[in-house]
Amino acid sequence: MDVVGANTTIWKYFRAKDSMLFELIDVEFFANTNATQNIYAQLYEGHTYSKWGSFSSIFDQSTLRLAVLDIYGSSALLPLYNFITKEITISFRNDHLTDSLKVGCIIYFNEINATVSELAEYAVKQPKVKLRKSGPSTLTEGE
């Protein structure tokens, strides 16, 4: 369980181990909401640096599943039909202006071995990016 602050979005990113892929079966989103709160839960293929954000009605080609959690449905179990990918990102958006909410997600998946051609494909589509934690904002000599 995580807590989504008032009027904010949180992101959770997962990447399969080297030489493995995720075979996604189902995703279950849940939250504790009341009559004035909505949570937008979204599951993406890939990483957050290539996404617009989690807002209602924004759907791009990377969106696998989108659920609106409110007082009428505080949980959703959605099928993913054995979708295969290397990386996934989960986002939760809280649209309430003052209250924080507890949210959760369960992903049902299998890890499968990747073929050489699949590894080459995902090396181009979803490269492993290591970002610098700190340092100068401009390039230094030798970079």
# chains A, B, ... in the order shown; residues from 1 in each chain; ligands from 1
>>> residues_around(residues="segment 4-10 of chain A", least_positions_apart="4", cutoff="6 Å", atoms="only C-alpha atoms", output="list in words")
Ser91, Phe92, Arg93, Asn94, Asp95, His96, Leu97, Thr98, Asp99, Ser100 and Leu101 of chain A
>>> select_by_dssp(residues="segment 54-130 of chain A", states="strand (DSSP E or B)", output="MDAnalysis selection string")
chainID A and resid 63:70 73 75:85 87:94 101:113
>>> write_last_selection(atoms="C-alpha atoms", output="mmCIF file, in the first residue's frame")
data_model
loop_
_atom_site.group_PDB
_atom_site.id
_atom_site.type_symbol
_atom_site.label_atom_id
_atom_site.label_comp_id
_atom_site.auth_asym_id
_atom_site.auth_seq_id
_atom_site.Cartn_x
_atom_site.Cartn_y
_atom_site.Cartn_z
ATOM 1 C CA THR A 63 -1.388 2.458 -21.853
ATOM 2 C CA LEU A 64 -2.280 -1.145 -21.096
ATOM 3 C CA ARG A 65 -5.057 -0.545 -18.560
ATOM 4 C CA LEU A 66 -6.800 2.461 -17.001
ATOM 5 C CA ALA A 67 -9.222 2.359 -14.051
ATOM 6 C CA VAL A 68 -11.122 5.076 -12.229
ATOM 7 C CA LEU A 69 -11.564 4.176 -8.559
ATOM 8 C CA ASP A 70 -14.344 6.021 -6.747
ATOM 9 C CA GLY A 73 -15.957 0.945 -7.450
ATOM 10 C CA SER A 75 -11.239 -1.870 -6.809
ATOM 11 C CA ALA A 76 -10.799 -3.199 -10.326
ATOM 12 C CA LEU A 77 -9.488 -6.535 -11.612
ATOM 13 C CA LEU A 78 -8.514 -6.164 -15.267
ATOM 14 C CA PRO A 79 -7.192 -8.845 -17.641
ATOM 15 C CA LEU A 80 -3.961 -8.311 -19.581
ATOM 16 C CA TYR A 81 -4.269 -11.380 -21.837
ATOM 17 C CA ASN A 82 -0.668 -12.639 -21.396
ATOM 18 C CA PHE A 83 0.868 -9.411 -22.719
ATOM 19 C CA ILE A 84 4.678 -9.677 -22.963
ATOM 20 C CA THR A 85 6.985 -6.765 -22.160
ATOM 21 C CA GLU A 87 9.221 -2.883 -18.457
ATOM 22 C CA ILE A 88 6.026 -1.673 -16.822
ATOM 23 C CA THR A 89 5.070 1.487 -14.970
ATOM 24 C CA ILE A 90 2.121 1.967 -12.627
ATOM 25 C CA SER A 91 0.729 5.402 -11.809
ATOM 26 C CA PHE A 92 -1.894 6.577 -9.355
ATOM 27 C CA ARG A 93 -3.383 10.070 -9.641
ATOM 28 C CA ASN A 94 -5.385 11.609 -6.784
ATOM 29 C CA LEU A 101 -5.479 8.324 -0.104
ATOM 30 C CA LYS A 102 -4.118 4.810 0.336
ATOM 31 C CA VAL A 103 -3.808 2.858 -2.902
ATOM 32 C CA GLY A 104 -2.512 -0.535 -3.924
ATOM 33 C CA CYS A 105 -1.869 -2.708 -6.935
ATOM 34 C CA ILE A 106 -1.333 -6.424 -7.485
ATOM 35 C CA ILE A 107 0.109 -7.583 -10.800
ATOM 36 C CA TYR A 108 -0.239 -11.228 -11.703
ATOM 37 C CA PHE A 109 2.611 -12.193 -14.025
ATOM 38 C CA ASN A 110 5.064 -14.889 -15.073
ATOM 39 C CA GLU A 111 8.726 -14.338 -15.853
ATOM 40 C CA ILE A 112 9.638 -16.058 -19.087
ATOM 41 C CA ASN A 113 12.962 -16.531 -20.842
#
>>> closest_residue(among="A:Ile25, A:Ser19, A:Lys12, A:His47", to="Ala120 of chain A", atoms="only C-alpha atoms")
A:Ser19
>>> atom_distance(atom1="atom CA of Tyr72 of chain A", atom2="atom CA of Leu24 of chain A")
26.5 Å
>>> residues_around(residues="Ala16 of chain A", least_positions_apart="3", cutoff="7 Å", atoms="only C-alpha atoms", output="ChimeraX atom specification")
/A:20-22,86-87
>>> write_last_selection(atoms="N, CA and C atoms", output="compact mmCIF listing (two decimals), in the first residue's frame")
# COMPACT_ATOMS: atom_id res chain seq x y z
N MET A 20 15.15 -12.00 -19.22
CA MET A 20 13.78 -12.41 -18.88
C MET A 20 12.80 -11.34 -19.39
N LEU A 21 11.54 -11.74 -19.53
CA LEU A 21 10.45 -10.84 -19.89
C LEU A 21 9.28 -11.08 -18.94
N PHE A 22 8.42 -10.06 -18.80
CA PHE A 22 7.18 -10.22 -18.05
C PHE A 22 6.08 -10.72 -18.99
N LYS A 86 9.11 -5.95 -21.36
CA LYS A 86 10.31 -5.92 -20.53
C LYS A 86 10.13 -4.99 -19.32
N GLU A 87 9.39 -3.88 -19.51
CA GLU A 87 9.22 -2.88 -18.46
C GLU A 87 7.75 -2.50 -18.31
